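Student: Structure file run15.pdb (PDB, C-alpha atoms) is given on the next line.
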ATOM      1  CA  MET A   1      49.119  -7.306 -18.691  1.00  0.00           C
ATOM      2  CA  TYR A   2      49.144 -10.685 -17.099  1.00  0.00           C
ATOM      3  CA  ILE A   3      46.524 -11.713 -14.499  1.00  0.00           C
ATOM      4  CA  ARG A   4      47.683 -14.261 -12.002  1.00  0.00           C
ATOM      5  CA  LYS A   5      45.523 -17.283 -11.408  1.00  0.00           C
ATOM      6  CA  LYS A   6      45.122 -16.360  -7.728  1.00  0.00           C
ATOM      7  CA  ASP A   7      43.875 -12.884  -8.644  1.00  0.00           C
ATOM      8  CA  TYR A   8      41.590 -14.375 -11.281  1.00  0.00           C
ATOM      9  CA  ASN A   9      40.005 -16.768  -8.762  1.00  0.00           C
ATOM     10  CA  LEU A  10      39.530 -13.948  -6.242  1.00  0.00           C
ATOM     11  CA  LEU A  11      37.926 -11.762  -8.921  1.00  0.00           C
ATOM     12  CA  ASN A  12      35.697 -14.636 -10.035  1.00  0.00           C
ATOM     13  CA  LYS A  13      34.515 -15.274  -6.451  1.00  0.00           C
ATOM     14  CA  SER A  14      33.776 -11.585  -5.977  1.00  0.00           C
ATOM     15  CA  ILE A  15      31.749 -11.452  -9.177  1.00  0.00           C
ATOM     16  CA  ASN A  16      29.770 -14.544  -8.197  1.00  0.00           C
ATOM     17  CA  LYS A  17      29.081 -13.091  -4.746  1.00  0.00           C
ATOM     18  CA  LEU A  18      27.914  -9.815  -6.322  1.00  0.00           C
ATOM     19  CA  ALA A  19      25.659 -11.699  -8.749  1.00  0.00           C
ATOM     20  CA  LYS A  20      24.030 -13.636  -5.888  1.00  0.00           C
ATOM     21  CA  THR A  21      23.470 -10.439  -3.921  1.00  0.00           C
ATOM     22  CA  LEU A  22      21.861  -8.745  -6.906  1.00  0.00           C
ATOM     23  CA  GLN A  23      19.597 -11.748  -7.496  1.00  0.00           C
ATOM     24  CA  LYS A  24      18.430 -11.685  -3.865  1.00  0.00           C
ATOM     25  CA  GLY A  25      17.487  -8.020  -4.189  1.00  0.00           C
ATOM     26  CA  ASN A  26      15.692  -8.507  -7.541  1.00  0.00           C
ATOM     27  CA  ILE A  27      17.929  -5.845  -9.058  1.00  0.00           C
ATOM     28  CA  ASN A  28      17.522  -7.385 -12.512  1.00  0.00           C
ATOM     29  CA  GLU A  29      13.759  -6.764 -12.431  1.00  0.00           C
ATOM     30  CA  LEU A  30      14.277  -3.234 -11.127  1.00  0.00           C
ATOM     31  CA  ILE A  31      16.695  -2.416 -13.937  1.00  0.00           C
ATOM     32  CA  TYR A  32      14.215  -3.793 -16.484  1.00  0.00           C
ATOM     33  CA  ILE A  33      11.403  -1.698 -15.037  1.00  0.00           C
ATOM     34  CA  LEU A  34      13.493   1.474 -14.945  1.00  0.00           C
ATOM     35  CA  GLY A  35      14.506   0.995 -18.551  1.00  0.00           C
ATOM     36  CA  ASN A  36      11.002   0.333 -19.871  1.00  0.00           C
ATOM     37  CA  LYS A  37       8.671   3.354 -19.659  1.00  0.00           C
ATOM     38  CA  LYS A  38       5.585   1.372 -20.652  1.00  0.00           C
ATOM     39  CA  GLU A  39       6.219  -0.993 -17.762  1.00  0.00           C
ATOM     40  CA  ILE A  40       6.524   1.940 -15.346  1.00  0.00           C
ATOM     41  CA  ILE A  41       3.239   3.437 -16.560  1.00  0.00           C
ATOM     42  CA  LYS A  42       1.462   0.076 -16.391  1.00  0.00           C
ATOM     43  CA  ARG A  43       2.631  -0.680 -12.838  1.00  0.00           C
ATOM     44  CA  ASN A  44       1.831   2.808 -11.562  1.00  0.00           C
ATOM     45  CA  PHE A  45      -1.630   2.684 -13.167  1.00  0.00           C
ATOM     46  CA  ILE A  46      -2.445  -0.664 -11.563  1.00  0.00           C
ATOM     47  CA  ALA A  47      -1.067   0.486  -8.205  1.00  0.00           C
ATOM     48  CA  GLY A  48      -3.208   3.637  -8.397  1.00  0.00           C
ATOM     49  CA  ILE A  49      -6.348   1.633  -9.109  1.00  0.00           C
ATOM     50  CA  PHE A  50      -5.755  -0.645  -6.139  1.00  0.00           C
ATOM     51  CA  ARG A  51      -4.936   2.293  -3.857  1.00  0.00           C
ATOM     52  CA  GLY A  52      -8.210   3.945  -4.853  1.00  0.00           C
ATOM     53  CA  ILE A  53     -10.200   0.768  -4.237  1.00  0.00           C
ATOM     54  CA  GLY A  54      -8.485   0.286  -0.871  1.00  0.00           C
ATOM     55  CA  ILE A  55      -9.203   3.839   0.214  1.00  0.00           C
ATOM     56  CA  GLY A  56     -12.852   3.497  -0.817  1.00  0.00           C
ATOM     57  CA  ILE A  57     -13.314   0.253   1.086  1.00  0.00           C
ATOM     58  CA  GLY A  58     -11.476   1.595   4.132  1.00  0.00           C
ATOM     59  CA  VAL A  59     -13.524   4.788   4.331  1.00  0.00           C
ATOM     60  CA  THR A  60     -16.740   2.805   3.942  1.00  0.00           C
ATOM     61  CA  ILE A  61     -15.851   0.425   6.764  1.00  0.00           C
ATOM     62  CA  ILE A  62     -14.708   3.178   9.122  1.00  0.00           C
ATOM     63  CA  THR A  63     -17.822   5.249   8.410  1.00  0.00           C
ATOM     64  CA  ALA A  64     -20.062   2.234   9.066  1.00  0.00           C
ATOM     65  CA  ILE A  65     -18.304   1.582  12.383  1.00  0.00           C
ATOM     66  CA  ILE A  66     -18.627   5.228  13.450  1.00  0.00           C
ATOM     67  CA  ILE A  67     -22.341   5.320  12.539  1.00  0.00           C
ATOM     68  CA  SER A  68     -22.916   2.076  14.448  1.00  0.00           C
ATOM     69  CA  ILE A  69     -21.191   3.500  17.543  1.00  0.00           C
ATOM     70  CA  LEU A  70     -23.193   6.713  17.291  1.00  0.00           C
ATOM     71  CA  GLN A  71     -26.454   4.771  17.001  1.00  0.00           C
ATOM     72  CA  ASN A  72     -25.560   2.823  20.145  1.00  0.00           C
ATOM     73  CA  ILE A  73     -24.885   6.095  21.976  1.00  0.00           C
ATOM     74  CA  VAL A  74     -28.334   7.344  20.957  1.00  0.00           C
ATOM     75  CA  LYS A  75     -29.900   4.171  22.366  1.00  0.00           C
ATOM     76  CA  LEU A  76     -28.369   4.974  25.764  1.00  0.00           C
ATOM     77  CA  ASN A  77     -30.626   8.059  25.941  1.00  0.00           C
ATOM     78  CA  ILE A  78     -28.003  10.449  27.273  1.00  0.00           C
ATOM     79  CA  PRO A  79     -29.905  13.764  27.164  1.00  0.00           C
ATOM     80  CA  ILE A  80     -27.497  16.244  25.558  1.00  0.00           C
ATOM     81  CA  ILE A  81     -25.240  13.881  23.648  1.00  0.00           C
ATOM     82  CA  GLY A  82     -28.118  11.701  22.468  1.00  0.00           C
ATOM     83  CA  GLU A  83     -29.925  14.564  20.751  1.00  0.00           C
ATOM     84  CA  TYR A  84     -26.777  15.807  19.052  1.00  0.00           C
ATOM     85  CA  VAL A  85     -25.811  12.341  17.853  1.00  0.00           C
ATOM     86  CA  SER A  86     -29.344  11.556  16.685  1.00  0.00           C
ATOM     87  CA  ASP A  87     -29.275  14.704  14.535  1.00  0.00           C
ATOM     88  CA  ILE A  88     -26.000  13.574  12.970  1.00  0.00           C
ATOM     89  CA  VAL A  89     -27.339  10.056  12.332  1.00  0.00           C
ATOM     90  CA  GLU A  90     -30.509  11.446  10.734  1.00  0.00           C
ATOM     91  CA  ILE A  91     -28.473  13.709   8.446  1.00  0.00           C
ATOM     92  CA  VAL A  92     -26.309  10.790   7.355  1.00  0.00           C
ATOM     93  CA  GLN A  93     -29.318   8.525   6.741  1.00  0.00           C
ATOM     94  CA  LYS A  94     -31.090  11.207   4.685  1.00  0.00           C
ATOM     95  CA  THR A  95     -28.070  11.623   2.415  1.00  0.00           C
ATOM     96  CA  ARG A  96     -27.982   7.910   1.523  1.00  0.00           C
TER
END
Written as structure tokens, that's how I'd like the structure from this file.

Tutor:
Amino acid sequence: MYIRKKDYNLLNKSINKLAKTLQKGNINELIYILGNKKEIIKRNFIAGIFRGIGIGIGVTIITAIIISILQNIVKLNIPIIGEYVSDIVEIVQKTR
């Protein structure tokens, strides 16, 4: 079977365009990762560690903000809400 030069050039351009598209999408790295089970385990382990650290830091910050807001509400001396919030703040401070 004979390939004409025009068809060859068109095929060559298409292959080059496909190669550039794959390089932009980092498909080569993805294929390497999917083929290497140790790499998958390593990346998932590291991602899990950082997710856990992020969740811990986030919960700590949000809890600190909520406690600060509740303490400010207690300082306003609103009769019913102030007593309820002060009980919550005392419970939280005792558990530290």

Student: May I ask for the distance between atom CA of A:Phe50 and atom CA of A:Lys37, given in Å to one decimal place?

Tutor: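 Calculated distance between atom CA of A:Phe50 and atom CA of A:Lys37 is 20.2 Å.
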
Student: Between atom CA of A:Leu76 and atom CA of A:Val89, what is the distance, to one decimal in Å?

Tutor: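 Distance reported for this atom pair: 14.4 Å.
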
Student: Which is closer to A:Val85 than all the others in A:Ile27, A:Ile73, A:Gly52, A:Phe45, using all atoms listed in the file?

Tutor: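 Using all atoms listed in the file, A:Val85 sits closest to A:Ile73.
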
Student: Could you tell me which of A:Asn36, A:Asn26, A:Ser68, A:Thr21 comes closest to A:Ile88 if we count all atoms listed in the file?

Tutor: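 Result for the nearest residue to A:Ile88: A:Ser68.
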
Student: For A:Leu70, which of A:Ile53, A:Thr95, A:Gly58, A:Ser86 is the closest residue, counting all atoms listed in the file?

Tutor: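 Nearest to A:Leu70: A:Ser86.
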
Student: Please report the interatomic distance between atom CA of A:Glu90 and atom CA of A:Ile67 in Å with one decimal.

Tutor: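 Rounded to one decimal, the two atoms are 10.4 Å apart.
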
Student: What are the centre and the three edge lengths of an axis-aligned box that wraps all atoms of stretch 76-79 of chain A in the file, given that 3 Å is added to every side, written as lines of an AutoDock Vina configuration file and rounded to one decimal in Å?

Tutor:
center_x = -29.3
center_y = 9.4
center_z = 26.5
size_x = 8.6
size_y = 14.8
size_z = 7.5
